[in-house]
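Accompanying notes for the structure given below.
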Amino acid sequence: MHPRMQELLDFMDEQYAAFRAAAQSVPAADRERQPEPGRWSVAQVVDHVARVEGMGAHRVCEKLAEARAQGADEETETGPVISPALLAMLTDRSSRRQAPERAHPGPDVRFDEAWAALEAAHGQVRQTYADADGLALERLQMPHPALGVLDLYQWGVAMGGHEARHAAQIREIADTLAAAPSNAG
């Protein structure tokens with residue numbers, strides 16, 4: 001496997017594992033409970049991430065099919081693909097972001113269903129990128145709905161960074177639920 005692709009896939013795997021650990025750290029009985037009115041439950045966060053990854057995988061797959069049909073270039077670069085600046089921006093939770101309506105979670109989503117959807121979406125993302133091994137993804141660009149024009153490596157970093165952002169959100173939810181009076185003594 002090309003080192004750039006290996007770096008990206010390793011990053012995605014690390015972010016997914018951290019997201020999974022955050023979700024699993026919340027007691028099962030609390031995963032579908034909203035920490036406050038108008039805030040998402042852990043199940044809803046998982047559903048949102050699954051929706052975003054599914055949409056992202058679809059868009060990246062379409063772009064790759066188009067690029068292959070036009071004779072995509074082979075990867076010749078070996079420099080890193082993960083930009084610390086992009087990652088810092090993606091994971092910054094100091095300001096809320098508004099997800100587009102199509103990425104909003106269902107109001108009554110069950111954790112197990114959301115998790116199954118996330119596993120499928122993450123698998124699709126990972127396979128889409130693994131199948132693109134050896135292609136010059138930095139030369140393939142398309143607009144991201146929130147971040148402007150990104151190359152396809154950056155799209156992969158954005159999906160992993162999105163998981164990292166929401167892993168932090170899940171930890172915040174867990175802290176809020178743990179401090180709630182209904183959980184006290």
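Chain labels A, B, ... are given in the sequence in which chains occur in the structure tokens; within each chain residues are numbered consecutively from 1, and ligands are likewise numbered from 1 in the order shown.
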
Mind dumping a table of every segment 149-185 of chain A residue within 9 Å of segment 80-89 of chain A, with the nearest atom pair and its distance in Å to one decimal, using only C-alpha atoms, sorted by chain and rising number, as a Markdown table?
```
| residue | atom | partner | partner_atom | distance |
| --- | --- | --- | --- | --- |
| A:Tyr153 | CA | A:Val81 | CA | 6.3 |
| A:Gln154 | CA | A:Val81 | CA | 7.3 |
| A:Val157 | CA | A:Ile82 | CA | 6.4 |
| A:Ala158 | CA | A:Leu87 | CA | 7.5 |
| A:Gly160 | CA | A:Leu87 | CA | 8.8 |
| A:Gly161 | CA | A:Leu87 | CA | 5.9 |
```

- Item | Long-range neighbours of Ile170 of chain A as an NGL selection string, 8 Å cut-off, only C-alpha atoms, 4 positions minimum in chain | :A and (22-23 or 42 or 45 or 166 or 174)

- Message: Set the distance at 12 Å and use only C-alpha atoms: which residues neighbour segment 107-109 of chain A once local chain neighbours fewer than 3 positions away are removed? I'd like the list as a ChimeraX atom specification.
- Response: /A:31-34,37-48,50,104,112-117

- Task: Could you check how far atom CA of Gly156 of chain A sits from atom CA of Leu8 of chain A, in Å to one decimal?
- Result: 7.0 Å

With only C-alpha atoms as the counted atoms, please give the residues lying no more than 9 Å from Leu150 of chain A, apart from itself and same-chain residues fewer than 6 positions off, as a PDB file with C-alpha atoms, in the first residue's frame.
```pdb
ATOM      1  CA  GLU A 138      -4.317  15.332  -3.936  1.00  0.00           C
ATOM      2  CA  LEU A 140      -8.681  15.273  -7.268  1.00  0.00           C
ATOM      3  CA  GLN A 141     -10.720  18.046  -5.710  1.00  0.00           C
ATOM      4  CA  MET A 142     -14.362  18.720  -5.007  1.00  0.00           C
ATOM      5  CA  PRO A 143     -16.344  21.098  -2.810  1.00  0.00           C
ATOM      6  CA  HIS A 144     -17.103  20.119   0.757  1.00  0.00           C
TER       7      HIS A 144
END
```

- Out of chain A, which residues get strand (DSSP E or B) from DSSP, as number ranges by chain? A: 74, 135, 141-144, 148-151

Dump C-alpha atoms for the selected residues as a PDB file, in the first residue's frame?
```
ATOM      1  CA  GLU A  74      -0.783   7.598 -10.131  1.00  0.00           C
ATOM      2  CA  LEU A 135      -4.074   7.217  -7.139  1.00  0.00           C
ATOM      3  CA  GLN A 141     -10.720  18.046  -5.710  1.00  0.00           C
ATOM      4  CA  MET A 142     -14.362  18.720  -5.007  1.00  0.00           C
ATOM      5  CA  PRO A 143     -16.344  21.098  -2.810  1.00  0.00           C
ATOM      6  CA  HIS A 144     -17.103  20.119   0.757  1.00  0.00           C
ATOM      7  CA  GLY A 148     -14.837  24.643   0.719  1.00  0.00           C
ATOM      8  CA  VAL A 149     -12.842  22.854  -1.960  1.00  0.00           C
ATOM      9  CA  LEU A 150     -10.813  19.929  -0.605  1.00  0.00           C
ATOM     10  CA  ASP A 151      -8.703  17.294  -2.265  1.00  0.00           C
TER      11      ASP A 151
END
```

- Have a look at atom CA of Val60 of chain A and atom CA of Gly106 of chain A and let me know their distance in Å, one decimal.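 Computing the Euclidean distance for atom CA of Val60 of chain A and atom CA of Gly106 of chain A yields 24.3 Å.
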
- Task: Work out how far atom CA of Glu36 of chain A is from atom CA of Thr176 of chain A, in Å to one decimal.
- Result: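 We find that atom CA of Thr176 of chain A and atom CA of Glu36 of chain A lie 8.3 Å from each other.
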
- Task: Give me the residues within 7 Å of Phe19 of chain A as a ChimeraX atom specification, counting only C-alpha atoms and dropping any in the same chain fewer than 6 places off.
- Result: /A:163-164,167

Selection file, N, CA and C atoms, as a PDB file, in the first residue's frame:
```
ATOM      1  N   GLU A 163     -15.340  12.465  13.084  1.00  0.00           N
ATOM      2  CA  GLU A 163     -15.504  11.475  14.151  1.00  0.00           C
ATOM      3  C   GLU A 163     -14.845  11.965  15.446  1.00  0.00           C
ATOM      4  N   ALA A 164     -13.649  12.548  15.326  1.00  0.00           N
ATOM      5  CA  ALA A 164     -12.950  13.052  16.515  1.00  0.00           C
ATOM      6  C   ALA A 164     -13.756  14.161  17.182  1.00  0.00           C
ATOM      7  N   ALA A 167     -16.632  12.522  18.919  1.00  0.00           N
ATOM      8  CA  ALA A 167     -16.191  11.750  20.088  1.00  0.00           C
ATOM      9  C   ALA A 167     -16.097  12.691  21.288  1.00  0.00           C
TER      10      ALA A 167
END
```

- Item | Option closest in space to Asp92 of chain A, from A:Ala121, A:Glu75, A:Arg165, A:Ala67 [counting only C-alpha atoms] | A:Arg165

- Neighbour list for Ala178 of chain A as a list in words, cut-off 10 Å, only C-alpha atoms, skip fewer than 6 positions in-chain: Val26, Pro27, Asp30, Pro35, Glu172 and Ala184 of chain A

Kindly save the residues from that selection, with N, CA and C atoms included, as an mmCIF file, in the first residue's frame.
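Generated output (part.cif):
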```cif
data_model
loop_
_atom_site.group_PDB
_atom_site.id
_atom_site.type_symbol
_atom_site.label_atom_id
_atom_site.label_comp_id
_atom_site.auth_asym_id
_atom_site.auth_seq_id
_atom_site.Cartn_x
_atom_site.Cartn_y
_atom_site.Cartn_z
ATOM 1 N N VAL A 26 -20.363 5.387 27.503
ATOM 2 C CA VAL A 26 -21.646 5.863 28.032
ATOM 3 C C VAL A 26 -22.490 4.630 28.375
ATOM 4 N N PRO A 27 -23.013 4.574 29.581
ATOM 5 C CA PRO A 27 -23.853 3.421 29.939
ATOM 6 C C PRO A 27 -24.978 3.219 28.917
ATOM 7 N N ASP A 30 -28.155 5.157 29.043
ATOM 8 C CA ASP A 30 -28.103 6.608 28.801
ATOM 9 C C ASP A 30 -27.872 6.975 27.337
ATOM 10 N N PRO A 35 -29.110 14.912 26.794
ATOM 11 C CA PRO A 35 -28.572 15.509 28.016
ATOM 12 C C PRO A 35 -29.343 16.750 28.450
ATOM 13 N N GLU A 172 -18.693 14.975 26.276
ATOM 14 C CA GLU A 172 -19.418 16.077 26.924
ATOM 15 C C GLU A 172 -20.818 15.635 27.350
ATOM 16 N N ALA A 184 -28.112 10.899 40.172
ATOM 17 C CA ALA A 184 -27.473 11.034 41.483
ATOM 18 C C ALA A 184 -28.059 10.005 42.444
#
```

- Query: Of the residues A:Arg20, A:Arg4, A:Arg96, A:Arg59, which is the one nearest to Pro145 of chain A, using only C-alpha atoms?
  - Reply: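 Nearest candidate to Pro145 of chain A out of A:Arg20, A:Arg4, A:Arg96, A:Arg59: A:Arg59.
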
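Residue nearest Gly134 of chain A, chosen from A:Ala17, A:Val49, A:Cys61, A:Ala72 and counting only C-alpha atoms: A:Ala72.
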
- Query: With distances taken over only C-alpha atoms, which of A:Ala28, A:Met159, A:Ala180, A:Ile173 is nearest to Glu14 of chain A?
  - Reply: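 Smallest distance to Glu14 of chain A is found for A:Met159.
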
- Message: Excluding Pro100 of chain A and its own-chain neighbours fewer than 5 positions away, which residues fall within 12 Å of it when counting only C-alpha atoms? Please give them as a ChimeraX atom specification.
- Response: /A:48,51-52,55,105,145-146
